[in-house]
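What follows is a short report on a single structure.
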Amino acid sequence: MRKPIIAGNWKMNGSRSSIKELLDGVKAGMGDVKSAEVAVCAPAIYLADVSEQLSGSDVAWGGQNLSTEASGAFTGEISADMLLDFNSKFVIVGHSERRTLYGETDELVAEKFEVARKAGLTPILCIGESLEERESGVTNDVCGRQINAVIERSGVEALADGVIAYEPIWAIGTGKTATPEMAQETHASIRKMIAEKDAAVADKVRIQYGGSMNAGNAAELLAMEDIDGGLIGGASLKAEDFLAICKAAG
Ligand code: PEP
């Protein structure tokens, strides 16, 4: 049985006071979350606050990006060790916003995955197709290409040390969600592609769905066999909504 994992991706949102209020609310409701693993991926500048507020709670935390470099003259970058210095457990790699807005390639994302994993962080590897790619029927090719970049660099076993987030780009922040059946179909294809290389890894690796998951649609998405949780953007910014999703996961 794969333990479901719900992770909030706050993106570039929040302030010290709004984060305090949000985390107070999340912590207060965690007693009703029975089995899901819960985490928040915060803007790096707030990780000190987040780690202070979440230490000793059942909510883990992490970053939204990391550098492939360990240290040095890389202005504006954040290393794996810096994330670990604040006891981060997770780091998102290859979010579609980083791929499309900041030109991150499959190869760079694979390198970030490897750097994170080797440092002891759990990388959340985001993959997913654009609307144009979905409409031209190449969703599985795109997801396969994005995952294969990681497999080619680190080997298929490495996937088991991370989490995959299938996020159709057309569903992110748009209010358009993949139907549970549509999401399940792609999740099952992703798992099958991995199983062709290693059945045990495919069985173990958790595949989250991301893309406008909210309090209203989470339960039916999370009920699907191959959907092992969610990566939540907008709905992770409100304690009540985020908790409802965590509770729907079990
Ligand atoms: C995301 O940013 O990973 C995401 C899924 O965003 P939203 O839930 O807002 O669509």
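Just remember, in the structure tokens the first chain shown is A, the second B, etc., residues are 1-based per chain, and ligands are 1-based in the order shown.
Every residue of region 32-185 of chain A with a DSSP assignment of strand (DSSP E), taken from the backbone, is listed as Glu37, Val38, Ala39, Val40, Cys41, Val59, Ala60, Trp61, Gly62, Gly63, Phe90, Val91, Ile92, Val93, Thr122, Pro123, Ile124, Leu125, Cys126, Ile127, Val163, Ile164, Ala165 and Tyr166 of chain A.
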Which residues of chain A come within 8 Å of ligand 1, and for each one, what is the closest pair of atoms and their distance in Å to one decimal, counting only C-alpha atoms and all ligand atoms, sorted by chain and residue number, as a tab-separated table?
residue	atom	partner	partner_atom_place_in_ligand_line	distance
A:Gly8	CA	ligand 1	3 (O)	7.9
A:Asn9	CA	ligand 1	2 (O)	5.8
A:Trp10	CA	ligand 1	2 (O)	7.6
A:Lys11	CA	ligand 1	2 (O)	6.8
A:His95	CA	ligand 1	3 (O)	6.8
A:Ser96	CA	ligand 1	3 (O)	7.9
A:Glu97	CA	ligand 1	2 (O)	7.8
A:Cys126	CA	ligand 1	3 (O)	8.0
A:Glu167	CA	ligand 1	5 (C)	6.4
A:Ala171	CA	ligand 1	10 (O)	5.9
A:Ile172	CA	ligand 1	10 (O)	3.3
A:Gly173	CA	ligand 1	10 (O)	3.6
A:Thr174	CA	ligand 1	10 (O)	6.2
A:Gly175	CA	ligand 1	10 (O)	6.7
A:Tyr209	CA	ligand 1	5 (C)	7.8
A:Gly210	CA	ligand 1	5 (C)	4.0
A:Gly211	CA	ligand 1	10 (O)	3.8
A:Ser212	CA	ligand 1	10 (O)	3.5
A:Met213	CA	ligand 1	8 (O)	5.3
A:Asn214	CA	ligand 1	8 (O)	7.2
A:Gly230	CA	ligand 1	5 (C)	7.9
A:Leu231	CA	ligand 1	3 (O)	5.3
A:Ile232	CA	ligand 1	8 (O)	4.2
A:Gly233	CA	ligand 1	6 (O)	3.4
A:Gly234	CA	ligand 1	9 (O)	3.8
A:Ala235	CA	ligand 1	8 (O)	6.1
A:Ser236	CA	ligand 1	8 (O)	7.6
Export, as a compact mmCIF listing (two decimals), in the first residue's frame, the selected residues with N, CA, C and O atoms.
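Resulting contents of selection10.txt:
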# COMPACT_ATOMS: atom_id res chain seq x y z
N GLY A 8 1.53 20.94 -0.37
CA GLY A 8 1.13 22.27 -0.81
C GLY A 8 2.30 22.92 -1.54
O GLY A 8 3.44 22.83 -1.09
N ASN A 9 2.01 23.53 -2.67
CA ASN A 9 3.02 24.33 -3.37
C ASN A 9 2.54 25.78 -3.28
O ASN A 9 1.65 26.18 -4.02
N TRP A 10 3.15 26.50 -2.36
CA TRP A 10 2.69 27.88 -2.13
C TRP A 10 3.11 28.83 -3.25
O TRP A 10 2.65 29.97 -3.31
N LYS A 11 4.01 28.39 -4.10
CA LYS A 11 4.57 29.25 -5.16
C LYS A 11 5.09 30.55 -4.53
O LYS A 11 5.57 30.52 -3.39
N HIS A 95 8.87 21.84 -11.78
CA HIS A 95 7.50 22.34 -11.89
C HIS A 95 7.32 22.97 -13.27
O HIS A 95 8.25 23.58 -13.80
N SER A 96 6.14 22.86 -13.82
CA SER A 96 5.95 23.36 -15.20
C SER A 96 6.23 24.85 -15.30
O SER A 96 6.64 25.35 -16.35
N GLU A 97 6.00 25.57 -14.19
CA GLU A 97 6.31 27.01 -14.25
C GLU A 97 7.81 27.23 -14.40
O GLU A 97 8.25 28.17 -15.08
N CYS A 126 7.93 16.97 -11.03
CA CYS A 126 6.71 17.34 -11.76
C CYS A 126 6.86 17.03 -13.25
O CYS A 126 7.88 17.37 -13.87
N GLU A 167 1.13 16.59 -13.48
CA GLU A 167 0.40 17.86 -13.49
C GLU A 167 0.17 18.31 -14.92
O GLU A 167 1.07 18.92 -15.54
N ALA A 171 -4.20 22.30 -16.56
CA ALA A 171 -5.06 22.24 -15.35
C ALA A 171 -4.47 23.04 -14.20
O ALA A 171 -5.12 23.20 -13.17
N ILE A 172 -3.25 23.55 -14.35
CA ILE A 172 -2.59 24.23 -13.23
C ILE A 172 -3.06 25.67 -13.14
O ILE A 172 -2.87 26.46 -14.06
N GLY A 173 -3.69 25.97 -12.02
CA GLY A 173 -4.11 27.34 -11.74
C GLY A 173 -5.21 27.84 -12.65
O GLY A 173 -5.50 29.03 -12.68
N THR A 174 -5.85 26.94 -13.39
CA THR A 174 -6.86 27.36 -14.35
C THR A 174 -8.27 27.06 -13.89
O THR A 174 -9.24 27.53 -14.49
N GLY A 175 -8.39 26.24 -12.83
CA GLY A 175 -9.71 25.81 -12.39
C GLY A 175 -10.22 24.64 -13.23
O GLY A 175 -11.26 24.05 -12.94
N TYR A 209 -1.44 13.65 -8.20
CA TYR A 209 -2.07 14.44 -9.26
C TYR A 209 -1.98 15.91 -8.85
O TYR A 209 -2.15 16.25 -7.68
N GLY A 210 -1.72 16.79 -9.80
CA GLY A 210 -1.74 18.22 -9.52
C GLY A 210 -2.40 18.96 -10.66
O GLY A 210 -2.20 18.64 -11.83
N GLY A 211 -3.19 19.95 -10.31
CA GLY A 211 -3.88 20.74 -11.34
C GLY A 211 -5.29 21.05 -10.85
O GLY A 211 -6.20 20.25 -11.06
N SER A 212 -5.40 22.19 -10.15
CA SER A 212 -6.71 22.63 -9.65
C SER A 212 -7.42 21.61 -8.78
O SER A 212 -8.65 21.51 -8.80
N MET A 213 -6.63 20.83 -8.03
CA MET A 213 -7.29 19.96 -7.04
C MET A 213 -7.77 20.86 -5.91
O MET A 213 -7.07 21.78 -5.49
N ASN A 214 -8.99 20.62 -5.46
CA ASN A 214 -9.54 21.47 -4.41
C ASN A 214 -10.42 20.65 -3.46
O ASN A 214 -10.57 19.43 -3.64
N GLY A 230 -1.78 14.43 -3.85
CA GLY A 230 -1.93 15.61 -4.69
C GLY A 230 -0.84 16.63 -4.42
O GLY A 230 -0.31 16.73 -3.30
N LEU A 231 -0.49 17.37 -5.47
CA LEU A 231 0.34 18.56 -5.32
C LEU A 231 -0.61 19.73 -5.53
O LEU A 231 -1.25 19.85 -6.58
N ILE A 232 -0.73 20.55 -4.50
CA ILE A 232 -1.82 21.52 -4.44
C ILE A 232 -1.27 22.93 -4.47
O ILE A 232 -0.48 23.31 -3.59
N GLY A 233 -1.69 23.71 -5.46
CA GLY A 233 -1.26 25.11 -5.52
C GLY A 233 -2.24 26.00 -4.77
O GLY A 233 -2.21 26.11 -3.55
N GLY A 234 -3.15 26.61 -5.51
CA GLY A 234 -4.07 27.61 -4.94
C GLY A 234 -4.76 27.16 -3.67
O GLY A 234 -4.83 27.92 -2.68
N ALA A 235 -5.26 25.93 -3.65
CA ALA A 235 -6.04 25.47 -2.49
C ALA A 235 -5.17 25.19 -1.27
O ALA A 235 -5.69 24.92 -0.19
N SER A 236 -3.84 25.27 -1.43
CA SER A 236 -2.99 25.05 -0.25
C SER A 236 -2.78 26.34 0.53
O SER A 236 -2.15 26.33 1.58
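Here the question is which of A:His187, A:Glu135, A:Ala36, A:Leu66 gets nearest to Lys3 (chain A) using only C-alpha atoms, and that residue is A:Ala36.
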Contacts between region 77-81 of chain A and region 25-63 of chain A, please, where a residue of region 25-63 of chain A counts if it comes within 10 Å (with only C-alpha atoms); show its shortest atom pair and distance in Å to one decimal, rows by chain and ascending number, as JSON lines.
{"residue": "A:Ala44", "atom": "CA", "partner": "A:Ile78", "partner_atom": "CA", "distance": 7.9}
{"residue": "A:Ile45", "atom": "CA", "partner": "A:Ile78", "partner_atom": "CA", "distance": 9.9}
{"residue": "A:Gly63", "atom": "CA", "partner": "A:Ile78", "partner_atom": "CA", "distance": 9.2}
Spatial neighbours of Asp228 (chain A), max dist 6 Å, only C-alpha atoms, sep filter under 4 positions, as a PyMOL selection string:
chain A and resi 4+206-208
Compile the contact shell of Val201 (chain A) as a ChimeraX atom specification: residues with an atom at most 8 Å away, counting only C-alpha atoms, same-chain residues fewer than 3 positions apart removed.
/A:156-157,159-160,194-195,198,204-205
With all heavy atoms retained, export the selected residues as a PDB file, in the first residue's frame.
ATOM      1  N   VAL A 156      16.494   3.630 -12.832  1.00  0.00           N
ATOM      2  CA  VAL A 156      15.065   3.558 -12.501  1.00  0.00           C
ATOM      3  C   VAL A 156      14.831   3.485 -10.991  1.00  0.00           C
ATOM      4  O   VAL A 156      13.851   4.022 -10.461  1.00  0.00           O
ATOM      5  CB  VAL A 156      14.363   2.412 -13.271  1.00  0.00           C
ATOM      6  CG1 VAL A 156      14.877   1.038 -12.847  1.00  0.00           C
ATOM      7  CG2 VAL A 156      12.858   2.488 -13.120  1.00  0.00           C
ATOM      8  N   GLU A 157      15.765   2.840 -10.263  1.00  0.00           N
ATOM      9  CA  GLU A 157      15.583   2.676  -8.808  1.00  0.00           C
ATOM     10  C   GLU A 157      15.502   4.035  -8.111  1.00  0.00           C
ATOM     11  O   GLU A 157      14.856   4.168  -7.070  1.00  0.00           O
ATOM     12  CB  GLU A 157      16.734   1.888  -8.166  1.00  0.00           C
ATOM     13  CG  GLU A 157      16.969   0.496  -8.703  1.00  0.00           C
ATOM     14  CD  GLU A 157      17.735   0.491 -10.023  1.00  0.00           C
ATOM     15  OE1 GLU A 157      18.375   1.532 -10.346  1.00  0.00           O
ATOM     16  OE2 GLU A 157      17.678  -0.511 -10.743  1.00  0.00           O
ATOM     17  N   LEU A 159      13.882   6.542  -8.839  1.00  0.00           N
ATOM     18  CA  LEU A 159      12.516   7.085  -8.793  1.00  0.00           C
ATOM     19  C   LEU A 159      11.830   6.758  -7.478  1.00  0.00           C
ATOM     20  O   LEU A 159      11.002   7.524  -6.983  1.00  0.00           O
ATOM     21  CB  LEU A 159      11.671   6.537  -9.948  1.00  0.00           C
ATOM     22  CG  LEU A 159      11.979   7.057 -11.352  1.00  0.00           C
ATOM     23  CD1 LEU A 159      11.100   6.343 -12.365  1.00  0.00           C
ATOM     24  CD2 LEU A 159      11.768   8.571 -11.434  1.00  0.00           C
ATOM     25  N   ALA A 160      12.192   5.599  -6.919  1.00  0.00           N
ATOM     26  CA  ALA A 160      11.542   5.166  -5.678  1.00  0.00           C
ATOM     27  C   ALA A 160      11.920   6.064  -4.492  1.00  0.00           C
ATOM     28  O   ALA A 160      11.244   6.071  -3.465  1.00  0.00           O
ATOM     29  CB  ALA A 160      11.906   3.715  -5.379  1.00  0.00           C
ATOM     30  N   ILE A 194       7.000   2.760 -16.089  1.00  0.00           N
ATOM     31  CA  ILE A 194       8.051   2.486 -15.098  1.00  0.00           C
ATOM     32  C   ILE A 194       8.144   0.972 -14.868  1.00  0.00           C
ATOM     33  O   ILE A 194       9.239   0.408 -14.777  1.00  0.00           O
ATOM     34  CB  ILE A 194       7.783   3.249 -13.778  1.00  0.00           C
ATOM     35  CG1 ILE A 194       7.763   4.757 -14.043  1.00  0.00           C
ATOM     36  CG2 ILE A 194       8.824   2.904 -12.717  1.00  0.00           C
ATOM     37  CD1 ILE A 194       7.242   5.616 -12.897  1.00  0.00           C
ATOM     38  N   ALA A 195       6.985   0.312 -14.828  1.00  0.00           N
ATOM     39  CA  ALA A 195       6.956  -1.141 -14.578  1.00  0.00           C
ATOM     40  C   ALA A 195       7.699  -1.903 -15.668  1.00  0.00           C
ATOM     41  O   ALA A 195       8.284  -2.963 -15.406  1.00  0.00           O
ATOM     42  CB  ALA A 195       5.516  -1.630 -14.473  1.00  0.00           C
ATOM     43  N   ASP A 198      11.059  -1.628 -14.205  1.00  0.00           N
ATOM     44  CA  ASP A 198      11.222  -2.219 -12.870  1.00  0.00           C
ATOM     45  C   ASP A 198       9.858  -2.241 -12.160  1.00  0.00           C
ATOM     46  O   ASP A 198       9.372  -1.199 -11.718  1.00  0.00           O
ATOM     47  CB  ASP A 198      12.245  -1.393 -12.064  1.00  0.00           C
ATOM     48  CG  ASP A 198      12.639  -2.074 -10.759  1.00  0.00           C
ATOM     49  OD1 ASP A 198      11.738  -2.610 -10.071  1.00  0.00           O
ATOM     50  OD2 ASP A 198      13.833  -2.067 -10.427  1.00  0.00           O
ATOM     51  N   LYS A 204       6.012   0.848  -5.986  1.00  0.00           N
ATOM     52  CA  LYS A 204       6.338   1.635  -4.781  1.00  0.00           C
ATOM     53  C   LYS A 204       6.168   3.146  -4.974  1.00  0.00           C
ATOM     54  O   LYS A 204       5.760   3.859  -4.056  1.00  0.00           O
ATOM     55  CB  LYS A 204       7.796   1.328  -4.407  1.00  0.00           C
ATOM     56  CG  LYS A 204       8.220   1.918  -3.092  1.00  0.00           C
ATOM     57  CD  LYS A 204       9.628   1.451  -2.712  1.00  0.00           C
ATOM     58  CE  LYS A 204      10.146   2.294  -1.555  1.00  0.00           C
ATOM     59  NZ  LYS A 204      11.592   2.383  -1.503  1.00  0.00           N
ATOM     60  N   VAL A 205       6.485   3.638  -6.177  1.00  0.00           N
ATOM     61  CA  VAL A 205       6.579   5.093  -6.334  1.00  0.00           C
ATOM     62  C   VAL A 205       5.188   5.749  -6.252  1.00  0.00           C
ATOM     63  O   VAL A 205       4.212   5.269  -6.824  1.00  0.00           O
ATOM     64  CB  VAL A 205       7.301   5.471  -7.657  1.00  0.00           C
ATOM     65  CG1 VAL A 205       6.483   5.137  -8.897  1.00  0.00           C
ATOM     66  CG2 VAL A 205       7.667   6.953  -7.657  1.00  0.00           C
TER      67      VAL A 205
END
Distance of CA of Ala215 (chain A) from CA of Leu131 (chain A), expressed in Å to one decimal place:
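For CA of Leu131 (chain A) relative to CA of Ala215 (chain A), the distance reads 24.0 Å.
Atom to atom, CA of Val109 (chain A) and CA of Trp61 (chain A) stand 20.2 Å apart.
Closest to Cys41 (chain A) among A:Ala7, A:Met82, A:Lys112, A:Ala158 is A:Ala7, based on only C-alpha atoms.
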Could you state the separation of CA of Gly29 (chain A) and CA of Lys238 (chain A) in Å, given to one decimal place?
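Value for the CA of Gly29 (chain A)-CA of Lys238 (chain A) distance: 12.1 Å.
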